[in-house]
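**Q** Have a peek at input-v4.txt (compact mmCIF, C-alpha atoms).
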# COMPACT_ATOMS: atom_id res chain seq x y z
CA MET P 30 23.28 -31.01 22.50
CA THR P 31 25.98 -28.40 22.01
CA ARG P 32 25.64 -24.77 23.03
CA ARG P 33 25.58 -23.87 19.33
CA ASP P 34 22.66 -26.27 18.68
CA LEU P 35 20.83 -24.85 21.65
CA MET P 36 21.27 -21.29 20.39
CA HIS P 37 20.18 -22.33 16.90
CA LYS P 38 17.04 -23.95 18.32
CA TRP P 39 16.01 -20.95 20.40
CA LEU P 40 16.80 -18.56 17.58
CA ILE P 41 14.29 -20.42 15.42
CA TYR P 42 11.70 -20.29 18.24
CA THR P 43 12.35 -16.53 18.57
CA LEU P 44 11.86 -16.08 14.83
CA GLY P 45 8.58 -17.98 15.20
CA LEU P 46 7.55 -15.50 17.86
CA VAL P 47 8.15 -12.45 15.61
CA PRO P 48 4.99 -12.77 13.44
CA ILE P 49 2.92 -13.43 16.58
CA TRP P 50 4.33 -10.33 18.26
CA LEU P 51 3.70 -8.16 15.17
CA LEU P 52 0.14 -9.47 14.90
CA ASP P 53 -0.50 -9.01 18.62
CA ALA P 54 1.07 -5.58 19.01
CA TYR P 55 0.46 -3.76 15.76
CA ILE P 56 -1.84 -5.52 13.31
CA LEU P 57 -4.77 -7.04 15.24
CA PRO P 58 -5.40 -3.88 17.37
CA ARG P 59 -6.16 -2.09 14.06
CA PHE P 60 -8.88 -4.60 13.22
CA PRO P 61 -10.65 -5.51 16.47
CA LEU P 62 -13.31 -8.20 16.15
CA PHE P 63 -16.46 -7.09 18.04
CA GLY P 64 -14.28 -4.44 19.69
CA THR P 65 -11.92 -7.06 21.11
CA THR P 66 -8.35 -8.07 20.33
CA PRO P 67 -6.85 -11.41 21.42
CA ILE P 68 -3.76 -11.73 23.64
CA LEU P 69 -1.35 -13.93 21.73
CA LEU P 70 1.94 -13.69 23.65
CA PRO P 71 0.86 -15.84 26.67
CA VAL P 72 -0.50 -18.45 24.23
CA ALA P 73 2.88 -18.54 22.48
CA VAL P 74 4.52 -19.24 25.86
CA VAL P 75 2.03 -22.04 26.58
CA ALA P 76 2.54 -23.61 23.13
CA VAL P 77 6.34 -23.72 23.55
CA ALA P 78 6.04 -24.92 27.16
CA VAL P 79 3.70 -27.74 26.14
CA LEU P 80 6.08 -28.90 23.42
CA GLU P 81 9.40 -28.35 25.19
CA GLY P 82 8.58 -28.90 28.86
CA ALA P 83 8.63 -26.93 32.10
CA HIS P 84 12.25 -25.77 32.06
CA ALA P 85 12.06 -24.39 28.52
CA GLY P 86 8.61 -22.97 29.29
CA ALA P 87 10.02 -20.97 32.19
CA GLY P 88 12.88 -19.60 30.04
CA PHE P 89 10.73 -18.79 27.03
CA GLY P 90 8.12 -17.29 29.38
CA MET P 91 10.77 -15.01 30.85
CA GLY P 92 11.86 -13.82 27.38
CA VAL P 93 8.30 -13.23 26.18
CA GLY P 94 7.47 -11.60 29.52
CA LEU P 95 10.34 -9.16 28.98
CA LEU P 96 9.02 -8.36 25.51
CA TRP P 97 5.49 -7.87 26.93
CA ALA P 98 6.72 -5.65 29.75
CA LEU P 99 9.15 -3.54 27.73
CA ALA P 100 7.85 -3.28 24.16
CA TYR P 101 4.19 -2.68 24.99
CA PRO P 102 2.81 0.63 26.26
CA GLY P 103 2.11 0.61 29.99
CA GLY P 104 3.78 -2.78 30.39
CA TYR P 105 4.01 -4.12 33.95
CA GLY P 106 7.24 -5.56 35.32
CA SER P 107 5.26 -8.35 36.96
CA ARG P 108 4.57 -9.82 33.52
CA VAL P 109 8.13 -11.20 33.36
CA PHE P 110 7.71 -13.32 36.49
CA LEU P 111 4.10 -14.17 35.73
CA LEU P 112 4.77 -15.53 32.23
CA SER P 113 7.84 -17.39 33.43
CA LEU P 114 5.79 -19.04 36.18
CA LEU P 115 2.87 -19.80 33.87
CA GLY P 116 5.25 -21.22 31.24
CA MET P 117 6.81 -23.48 33.84
CA ALA P 118 3.43 -24.59 35.19
CA SER P 119 1.97 -25.29 31.72
CA GLY P 120 5.05 -27.25 30.71
CA ALA P 121 5.00 -29.33 33.88
CA LEU P 122 1.25 -29.93 33.66
CA CYS P 123 1.47 -31.23 30.10
CA GLN P 124 4.64 -33.22 30.82
CA TYR P 125 3.32 -35.02 33.90
CA VAL P 126 -0.50 -34.79 33.95
CA LEU P 127 -2.01 -33.91 30.55
CA SER P 128 -0.53 -34.66 27.15
CA GLN P 129 1.96 -32.76 25.00
CA SER P 130 -0.65 -32.20 22.31
CA LEU P 131 -3.10 -29.62 20.97
CA ALA P 132 -5.65 -30.68 23.59
CA GLY P 133 -3.13 -30.12 26.37
CA CYS P 134 -2.18 -26.76 24.86
CA MET P 135 -5.83 -25.69 24.58
CA LEU P 136 -6.48 -26.59 28.23
CA CYS P 137 -3.36 -24.82 29.49
CA ALA P 138 -3.99 -21.75 27.31
CA ALA P 139 -7.58 -21.59 28.57
CA GLY P 140 -6.30 -21.63 32.15
CA VAL P 141 -3.48 -19.15 31.55
CA VAL P 142 -5.65 -16.60 29.70
CA ALA P 143 -8.38 -16.98 32.33
CA LEU P 144 -5.81 -16.35 35.07
CA LEU P 145 -4.48 -13.25 33.31
CA ASP P 146 -8.03 -11.95 32.84
CA LEU P 147 -8.81 -12.66 36.50
CA GLN P 148 -5.71 -10.70 37.48
CA GLN P 149 -6.98 -7.69 35.49
CA ILE P 150 -10.47 -8.07 36.96
CA PHE P 151 -9.14 -8.09 40.53
CA ARG P 152 -6.84 -5.15 39.83
CA LEU P 153 -9.68 -3.02 38.49
CA LEU P 154 -12.13 -4.16 41.19
CA LEU P 155 -9.60 -3.34 43.92
CA ALA P 156 -8.99 0.10 42.38
CA ASP P 157 -12.79 0.53 42.25
CA LEU P 158 -12.56 1.49 38.58
CA ALA P 159 -15.33 -0.79 37.33
CA HIS P 160 -18.05 -3.25 38.29
CA LEU P 161 -17.87 -6.99 37.69
CA PRO P 162 -20.45 -7.18 34.83
CA ALA P 163 -18.56 -4.51 32.84
CA LEU P 164 -15.28 -6.32 33.44
CA LEU P 165 -16.73 -9.66 32.37
CA GLN P 166 -18.00 -8.05 29.17
CA VAL P 167 -14.36 -7.43 28.27
CA ALA P 168 -12.81 -10.59 29.74
CA VAL P 169 -15.14 -13.18 28.17
CA PRO P 170 -14.81 -12.03 24.52
CA GLU P 171 -11.05 -11.63 25.02
CA TRP P 172 -10.80 -15.19 26.35
CA LEU P 173 -12.95 -16.62 23.54
CA LEU P 174 -11.10 -14.79 20.79
CA THR P 175 -7.73 -15.81 22.22
CA MET P 176 -8.85 -19.44 22.31
CA LEU P 177 -9.69 -19.21 18.60
CA TRP P 178 -6.09 -18.20 17.88
CA THR P 179 -4.57 -20.94 20.09
CA PRO P 180 -4.62 -23.80 17.50
CA ILE P 181 -2.94 -21.55 14.90
CA ILE P 182 -0.15 -20.62 17.30
CA TYR P 183 0.24 -24.24 18.44
CA VAL P 184 0.52 -25.45 14.82
CA LEU P 185 3.20 -22.82 14.10
CA PHE P 186 5.34 -23.84 17.07
CA ARG P 187 4.71 -27.56 16.47
CA ALA P 188 6.14 -27.10 12.98
CA ILE P 189 9.23 -25.52 14.54
CA PHE P 190 9.38 -28.26 17.20
CA ARG P 191 9.30 -30.97 14.53
CA ARG P 192 12.37 -29.45 12.88
CA VAL P 193 14.48 -28.27 15.78
CA GLY P 194 12.58 -29.12 18.98
CA GLY P 195 13.63 -31.36 21.88
CA THR P 196 17.05 -32.84 21.15
CA LYS P 197 16.58 -33.16 17.40
CA LEU P 198 19.63 -31.02 16.70
CA ALA P 199 21.84 -33.10 18.97
CA MET S 151 9.05 -30.69 45.19
CA LYS S 152 12.55 -29.31 45.75
CA ASN S 153 13.95 -31.66 43.10
CA PHE S 154 11.12 -30.87 40.73
CA LEU S 155 11.78 -27.14 40.99
CA ARG S 156 15.55 -27.68 40.67
CA GLN S 157 15.05 -29.74 37.50
CA ASN S 158 12.51 -27.37 36.05
CA GLY S 159 14.30 -24.10 36.29
CA ILE S 160 13.78 -22.55 39.71
CA TRP S 161 16.78 -20.33 38.96
CA LEU S 162 14.98 -19.04 35.86
CA LEU S 163 12.05 -18.07 38.07
CA ALA S 164 14.42 -16.30 40.44
CA ILE S 165 15.93 -14.29 37.55
CA ALA S 166 12.43 -13.50 36.25
CA LEU S 167 11.40 -12.27 39.71
CA LEU S 168 14.47 -10.07 39.93
CA LEU S 169 13.83 -8.60 36.47
CA SER S 170 10.18 -7.97 37.41
CA LEU S 171 11.26 -6.08 40.51
CA VAL S 172 13.84 -3.99 38.62
CA ILE S 173 11.33 -3.01 35.90
CA THR S 174 8.55 -2.26 38.40
CA LEU S 175 10.80 -0.19 40.66
CA SER S 176 12.27 1.83 37.79
CA SER S 177 8.75 2.48 36.42
CA VAL S 178 7.54 3.66 39.83
CA LEU S 179 10.57 5.87 40.45
CA LEU S 180 10.53 7.50 37.00
CA GLY S 181 6.84 8.46 37.01
CA GLY S 182 5.76 9.72 33.55
CA SER S 183 9.11 8.92 31.91
CA ALA S 184 9.60 5.46 30.48
CA ASN S 185 12.01 3.22 32.38
CA PRO S 186 15.42 2.98 30.63
CA LEU S 187 14.97 -0.64 29.50
CA SER S 188 11.53 0.04 28.08
CA ASN S 189 12.81 3.22 26.44
CA VAL S 190 15.60 1.32 24.65
CA VAL S 191 13.26 -1.46 23.45
CA GLN S 192 10.57 1.00 22.29
CA ALA S 193 13.15 3.23 20.59
CA VAL S 194 14.61 0.24 18.74
CA THR S 195 11.17 -1.04 17.70
CA SER S 196 9.97 2.44 16.72
CA PRO S 197 10.93 2.08 13.00
CA ILE S 198 9.11 -1.29 12.90
CA ARG S 199 5.99 0.35 14.40
CA GLY S 200 6.25 3.25 11.95
CA GLY S 201 6.74 0.91 8.98
CA ILE S 202 3.83 -1.36 9.86
CA SER S 203 1.61 1.64 10.57
CA ALA S 204 2.49 3.21 7.19
CA VAL S 205 1.80 -0.05 5.34
CA LEU S 206 -1.55 -0.52 7.15
CA ASP S 207 -2.55 3.10 6.50
CA TRP S 208 -1.72 2.67 2.81
CA ALA S 209 -3.62 -0.66 2.66
CA GLY S 210 -6.58 0.99 4.41
CA GLY S 211 -6.54 3.80 1.82
CA VAL S 212 -6.43 1.34 -1.08
CA SER S 213 -9.21 -0.77 0.43
CA ASP S 214 -11.35 2.36 0.94
CA TYR S 215 -10.73 3.38 -2.67
CA VAL S 216 -11.66 -0.04 -4.01
CA PHE S 217 -14.56 -1.01 -1.74
CA ARG S 218 -15.97 2.34 -0.58
CA TYR S 219 -15.59 4.48 -3.71
CA GLY S 220 -19.31 5.35 -3.92
CA GLU S 221 -19.49 6.09 -0.22
CA MET S 222 -16.41 8.33 -0.44
CA GLN S 223 -17.87 10.17 -3.44
CA GLN S 224 -21.02 10.89 -1.41
CA GLU S 225 -18.89 11.95 1.57
CA LEU S 226 -17.00 14.36 -0.70
CA GLU S 227 -20.26 15.90 -1.89
CA ASP S 228 -21.47 16.27 1.70
CA LEU S 229 -18.16 17.85 2.71
CA ARG S 230 -18.38 20.37 -0.15
CA VAL S 231 -21.79 21.45 1.10
CA GLN S 232 -20.41 21.61 4.65
CA VAL S 233 -17.45 23.73 3.50
CA SER S 234 -19.72 26.29 1.84
CA GLN S 235 -21.84 26.47 5.02
CA LEU S 236 -18.71 26.91 7.14
CA GLU S 237 -17.40 29.64 4.81
CA GLU S 238 -20.66 31.52 5.36
CA GLN S 239 -20.27 31.05 9.14
CA ILE S 240 -16.65 32.30 8.97
CA ARG S 241 -17.77 35.47 7.16
CA GLN S 242 -20.35 36.04 9.90
CA GLY S 243 -17.75 35.15 12.55
CA GLU S 244 -15.23 37.65 11.17
CA GLU S 245 -17.82 40.39 11.44
CA ASP S 246 -18.63 39.33 15.01
CA SER S 247 -14.91 39.26 15.88
CA ARG S 248 -14.46 42.82 14.61
CA GLU S 249 -17.43 43.95 16.69
CA ASN S 250 -16.11 42.03 19.70
CA GLU S 251 -12.69 43.68 19.28
CA GLN S 252 -14.25 47.14 19.21
CA LEU S 253 -16.30 46.39 22.34
CA ARG S 254 -13.24 45.05 24.15
CA GLU S 255 -11.34 48.22 23.32
CA LEU S 256 -14.28 50.26 24.52
CA LEU S 257 -14.38 48.35 27.83
CA LYS S 258 -10.56 48.29 28.10
CA LEU S 259 -10.57 44.47 28.33
CA GLN S 260 -7.40 42.44 27.68
CA GLN S 261 -7.21 40.86 24.22
CA GLN S 262 -8.49 37.29 24.23
CA ARG S 263 -5.93 34.86 22.82
CA GLN S 264 -4.82 31.25 22.69
CA ASP S 265 -1.14 30.56 22.10
CA PHE S 266 -0.23 26.94 21.59
CA VAL S 267 3.16 25.40 20.87
CA PHE S 268 2.49 22.32 18.76
CA GLU S 269 4.48 19.25 17.79
CA ASN S 270 2.99 17.12 15.05
CA ALA S 271 3.24 13.34 15.40
CA ARG S 272 2.02 10.20 13.71
CA VAL S 273 -0.02 7.50 15.41
CA THR S 274 2.20 4.44 15.12
CA ALA S 275 0.29 1.94 17.26
CA ARG S 276 -3.07 1.55 18.91
CA SER S 277 -3.92 0.05 22.26
CA ASN S 278 -3.31 -3.69 22.17
CA SER S 279 -5.07 -4.30 25.45
CA ASN S 280 -8.83 -4.51 25.83
CA TRP S 281 -8.48 -3.05 29.33
CA GLU S 282 -7.28 0.41 28.33
CA SER S 283 -7.43 2.83 25.43
CA THR S 284 -4.05 4.21 24.41
CA LEU S 285 -2.17 5.35 21.32
CA THR S 286 1.56 5.33 20.64
CA LEU S 287 2.92 8.40 18.85
CA SER S 288 6.12 8.88 16.83
CA LYS S 289 7.52 11.77 18.94
CA GLY S 290 8.99 11.79 22.43
CA SER S 291 11.18 13.74 24.82
CA ALA S 292 13.70 14.49 22.03
CA ALA S 293 11.00 16.65 20.42
CA GLY S 294 10.04 18.29 23.73
CA VAL S 295 6.98 16.15 24.43
CA ALA S 296 6.27 15.66 28.16
CA ALA S 297 3.83 13.64 30.26
CA GLY S 298 0.60 15.60 30.78
CA ASN S 299 0.68 17.31 27.34
CA CYS S 300 -2.69 17.36 25.57
CA VAL S 301 -3.00 15.80 22.13
CA ILE S 302 -5.48 17.14 19.56
CA THR S 303 -6.49 16.60 15.96
CA GLU S 304 -5.94 19.15 13.17
CA THR S 305 -9.43 20.53 13.93
CA GLY S 306 -8.72 21.07 17.65
CA VAL S 307 -10.61 18.04 18.93
CA LEU S 308 -9.08 16.51 22.06
CA VAL S 309 -7.55 13.06 21.50
CA GLY S 310 -6.07 12.48 24.95
CA VAL S 311 -3.20 13.23 27.31
CA VAL S 312 0.41 12.01 27.08
CA SER S 313 0.93 9.47 29.88
CA GLU S 314 4.41 8.05 29.25
CA VAL S 315 7.33 9.50 27.30
CA GLY S 316 10.38 7.87 25.77
CA THR S 317 13.11 9.35 23.56
CA ASN S 318 11.35 9.04 20.20
CA TRP S 319 7.90 7.80 21.22
CA CYS S 320 5.16 8.53 23.71
CA THR S 321 1.99 6.87 24.91
CA VAL S 322 -1.27 8.78 24.97
CA SER S 323 -4.20 7.93 27.24
CA THR S 324 -7.18 8.66 25.03
CA VAL S 325 -10.16 10.72 26.27
CA ILE S 326 -12.10 7.53 27.00
CA ASN S 327 -9.36 5.84 29.06
CA THR S 328 -10.09 5.28 32.75
CA ASP S 329 -7.15 7.41 33.95
CA ILE S 330 -8.45 10.59 32.25
CA GLU S 331 -9.66 13.31 34.62
CA MET S 332 -9.96 16.97 33.62
CA GLY S 333 -12.34 19.89 33.88
CA GLY S 334 -15.09 20.11 31.28
CA ILE S 335 -17.70 22.72 30.46
CA VAL S 336 -20.92 22.63 28.43
CA THR S 337 -20.80 25.60 26.05
CA ARG S 338 -24.57 26.26 25.88
CA THR S 339 -25.23 26.37 29.63
CA TYR S 340 -21.70 26.99 31.02
CA SER S 341 -22.27 24.01 33.34
CA ALA S 342 -18.91 22.80 34.60
CA GLY S 343 -18.06 19.24 35.61
CA VAL S 344 -15.23 16.74 35.66
CA LEU S 345 -14.52 14.74 32.51
CA GLU S 346 -13.67 11.18 33.52
CA GLY S 347 -13.04 7.96 31.68
CA ASP S 348 -15.31 5.13 32.78
CA PHE S 349 -14.54 1.46 32.21
CA SER S 350 -18.06 0.41 31.19
CA LEU S 351 -18.34 3.38 28.80
CA MET S 352 -14.83 2.87 27.38
CA SER S 353 -15.88 -0.17 25.35
CA GLN S 354 -18.64 1.97 23.78
CA GLY S 355 -16.10 4.72 23.02
CA LYS S 356 -17.66 7.22 25.45
CA LEU S 357 -16.79 9.06 28.69
CA LYS S 358 -18.52 10.84 31.59
CA LEU S 359 -18.94 14.48 32.58
CA ASN S 360 -19.29 14.00 36.33
CA TYR S 361 -20.43 16.19 39.24
CA LEU S 362 -22.81 18.34 37.21
CA PRO S 363 -24.38 21.28 39.05
CA GLU S 364 -27.90 20.57 40.32
CA GLY S 365 -29.70 23.03 38.08
CA ALA S 366 -27.85 22.14 34.88
CA GLN S 367 -30.33 21.69 32.03
CA LEU S 368 -28.37 19.76 29.42
CA VAL S 369 -29.82 18.40 26.24
CA SER S 370 -28.57 15.78 23.87
CA GLY S 371 -26.10 17.28 21.39
CA ASP S 372 -24.73 20.01 23.69
CA GLU S 373 -21.07 20.66 22.97
CA VAL S 374 -18.51 19.95 25.72
CA LEU S 375 -15.11 21.66 25.87
CA THR S 376 -12.22 21.47 28.32
CA SER S 377 -12.62 24.14 31.00
CA GLY S 378 -8.92 24.61 31.72
CA LYS S 379 -9.60 24.82 35.46
CA GLY S 380 -6.40 24.44 37.45
CA ASP S 381 -4.32 25.55 34.43
CA VAL S 382 -3.03 22.02 33.95
CA TYR S 383 -4.76 21.50 30.60
CA PRO S 384 -5.69 24.21 28.08
CA SER S 385 -9.28 25.43 27.92
CA GLY S 386 -11.52 25.41 24.86
CA LEU S 387 -10.48 22.07 23.37
CA VAL S 388 -13.47 20.28 21.87
CA VAL S 389 -14.18 17.01 23.68
CA GLY S 390 -17.53 15.86 22.33
CA ARG S 391 -21.29 16.06 22.69
CA VAL S 392 -23.74 15.21 25.44
CA GLU S 393 -25.60 12.00 24.75
CA GLY S 394 -27.74 11.85 27.88
CA VAL S 395 -27.87 12.89 31.53
CA PHE S 396 -28.11 10.32 34.33
CA THR S 397 -28.12 10.21 38.13
CA ASP S 398 -25.36 8.07 39.68
CA PRO S 399 -26.38 4.97 41.70
CA SER S 400 -25.95 6.82 45.03
CA GLY S 401 -28.52 9.38 43.85
CA MET S 402 -26.27 12.20 45.03
CA THR S 403 -24.82 13.53 41.79
CA ARG S 404 -25.73 13.70 38.14
CA TYR S 405 -23.47 12.94 35.22
CA ALA S 406 -23.64 13.24 31.45
CA VAL S 407 -22.48 10.61 29.01
CA ILE S 408 -20.30 12.24 26.37
CA THR S 409 -19.65 10.94 22.87
CA PRO S 410 -16.19 12.22 21.84
CA ASP S 411 -15.91 14.06 18.53
CA VAL S 412 -12.64 12.29 17.78
CA ASP S 413 -12.71 9.04 15.80
CA LEU S 414 -9.90 7.16 17.50
CA SER S 415 -9.84 4.33 14.97
CA SER S 416 -9.05 6.55 11.99
CA LEU S 417 -6.41 8.84 13.48
CA ILE S 418 -3.17 9.10 11.51
CA GLU S 419 -1.65 12.50 12.31
CA VAL S 420 -2.12 14.40 15.59
CA PHE S 421 -0.69 17.47 17.35
CA VAL S 422 0.84 17.52 20.82
CA ILE S 423 0.35 20.81 22.71
CA LYS S 424 3.79 21.21 24.29
CA ASP S 425 3.04 24.60 25.85
CA PHE S 426 0.09 26.97 26.02
CA ASP S 427 -0.83 30.44 27.13
CA ILE S 428 -4.48 31.36 27.21
CA VAL S 429 -6.00 34.75 28.05
CA GLU S 430 -9.80 34.80 28.35
Could you write out this file's structure as structure tokens?
**A**
Amino acid sequence: MTRRDLMHKWLIYTLGLVPIWLLDAYILPRFPLFGTTPILLPVAVVAVAVLEGAHAGAGFGMGVGLLWALAYPGGYGSRVFLLSLLGMASGALCQYVLSQSLAGCMLCAAGVVALLDLQQIFRLLLADLAHLPALLQVAVPEWLLTMLWTPIIYVLFRAIFRRVGGTKLA
Amino acid sequence: MKNFLRQNGIWLLAIALLLSLVITLSSVLLGGSANPLSNVVQAVTSPIRGGISAVLDWAGGVSDYVFRYGEMQQELEDLRVQVSQLEEQIRQGEEDSRENEQLRELLKLQQQRQDFVFENARVTARSNSNWESTLTLSKGSAAGVAAGNCVITETGVLVGVVSEVGTNWCTVSTVINTDIEMGGIVTRTYSAGVLEGDFSLMSQGKLKLNYLPEGAQLVSGDEVLTSGKGDVYPSGLVVGRVEGVFTDPSGMTRYAVITPDVDLSSLIEVFVIKDFDIVE
């Protein structure tokens, strides 16, 4: 695969990310369902990692992490490393243990979103800003709603994968 | 394991870790100002935010017109009645002001005044995290907006406090966000307390008035304003109304749950108080 093919492939993946970013950052927060909005960016990383593998998952995770840390208000720098690591782990898990399918993506997304929610819960518990029941009241609906969006995001990236994914452009 | 990591992009993880550290350090060092990378990205995406926000506002208006026409007609009628009542109150208020002015002159008191320097801004994005309540506005340091500035509606109702500022954007922590802490006062009883965001109340769109004095006799519906204690935030900004008074789990202090007057979901245009001078 030439450098040009590689750039073409990742440009298409980036274009696929644009509608997800716009939905996640600007559109869905205007219309919260039961007061909750899903978190779509980590699911996008998982979907690409499941389809493309650990290496690509780490790279795409780093890019999406940068977007999450820099284009969102109050973004944390740690998101870059965290998404890169989670992308790598999801990719490796589906490559070697689970399957590179919707089921694998659902399982990885469930784990990744749960981990991100747990991170928020621990942060707020450590800062003594809230009690566990109140935190769970936010985390559980967020997790459920995000899981509802996972198949849609997976289908979008699978369509991209079928055209330009793997070494298809080689 | 070593081979696995080498094949699967350990160097990418190392770059990601380095980037994380750079962003975190620059955020910590710059305090209320956005870190340079974030500032560039947010400045570049600002027109996109503005465009999407304008389209959604327009779509919301059209949808209201189509699906809530009857409701809006009724609201208009109610508002007309309210306007005539307020006009009557203004006439009474003007008379009271004249009397107050004469009494002040008689007692040689300094003229009461509130001087605000405003900057109008549009709400271009709403909080996309369920863990905090923030708004992104269309003005930033280029327009003189600074971290700590209060943001109000056209009717003087407090929206929140600017928490992060970039060149042409800023982030506002709304009154219900957990990082909000400012002096509050109940107008009927002059009971002072500390207005604080509370995580469990945030999802219900409410906040707390903490550390109420022991003898405070508050009732539901009492109006709460900012007290301006410490001169960090201006006094007299309307925050909301008391919903109920409770004793905290330790049993040591009492707090009131406040329902803000501002409707955060329908805000389009707001005003940033860049500077203020209040004489009471």
**Q** Find the residue from P:Gly82, P:Gly106, P:Gly90, P:Pro170 that sits nearest to chain S; use all atoms listed in the file when measuring.
**A**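 Among the listed residues, the smallest separation from chain S belongs to P:Gly106.
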**Q** What is the distance between CA of Ala293 in chain S and CA of Val194 in chain S, in Å to one decimal?
**A** 16.9 Å
**Q** Choose the residue, out of S:Pro410, S:Gly343, S:Gly355, S:Gly290, that has the smallest atom-to-atom separation from chain P; count all atoms listed in the file.
**A**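 Closest to chain P of all the choices is S:Gly355.
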**Q** For a quick check of understanding, using all atoms listed in the file, which of S:Thr317, S:Thr305, S:Asn185, S:Thr339 has the smallest distance to Asp411 in chain S?
**A** S:Thr305
**Q** For a quick test of understanding: name the residues of chain S lying within 8 Å of chain P when counting all atoms listed in the file, and present them as a PyMOL selection string.
**A** chain S and resi 157-159+162-163+166-167+169-174+187-189+191-192+195+199+202-203+206+275-281+284+286+314+321+328+348-350+353+415
**Q** For a test of reading the model, state the distance in Å between CA of Met176 in chain P and CA of Leu147 in chain P, rounded to one decimal.
**A**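 Result for CA of Met176 in chain P versus CA of Leu147 in chain P: 15.7 Å, one decimal.
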**Q** Find the residues around Gly333 in chain S up to 8 Å (all atoms listed in the file counted), leave out those fewer than 4 positions away in its own chain, and share them as a VMD selection string.
**A** chain S and resid 342 to 345 376 to 379
**Q** Those selected residues, please, written with C-alpha atoms and delivered as a CSV table (one decimal), in the frame of the given file.
**A**
chain,number,residue,atom,x,y,z
S,342,ALA,CA,-18.9,22.8,34.6
S,343,GLY,CA,-18.1,19.2,35.6
S,344,VAL,CA,-15.2,16.7,35.7
S,345,LEU,CA,-14.5,14.7,32.5
S,376,THR,CA,-12.2,21.5,28.3
S,377,SER,CA,-12.6,24.1,31.0
S,378,GLY,CA,-8.9,24.6,31.7
S,379,LYS,CA,-9.6,24.8,35.5
**Q** I'd like to know which of P:Ile181, P:Leu173, P:Val79, P:Met36 is closest to Ser128 in chain P, using all atoms listed in the file.
**A**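 Distance minimum relative to Ser128 in chain P lands on P:Val79.
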**Q** Between CA of Cys300 in chain S and CA of Ser177 in chain S, measure the distance and give it in Å to one decimal.
**A**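 Atom-to-atom, CA of Cys300 in chain S to CA of Ser177 in chain S, that is 21.7 Å.
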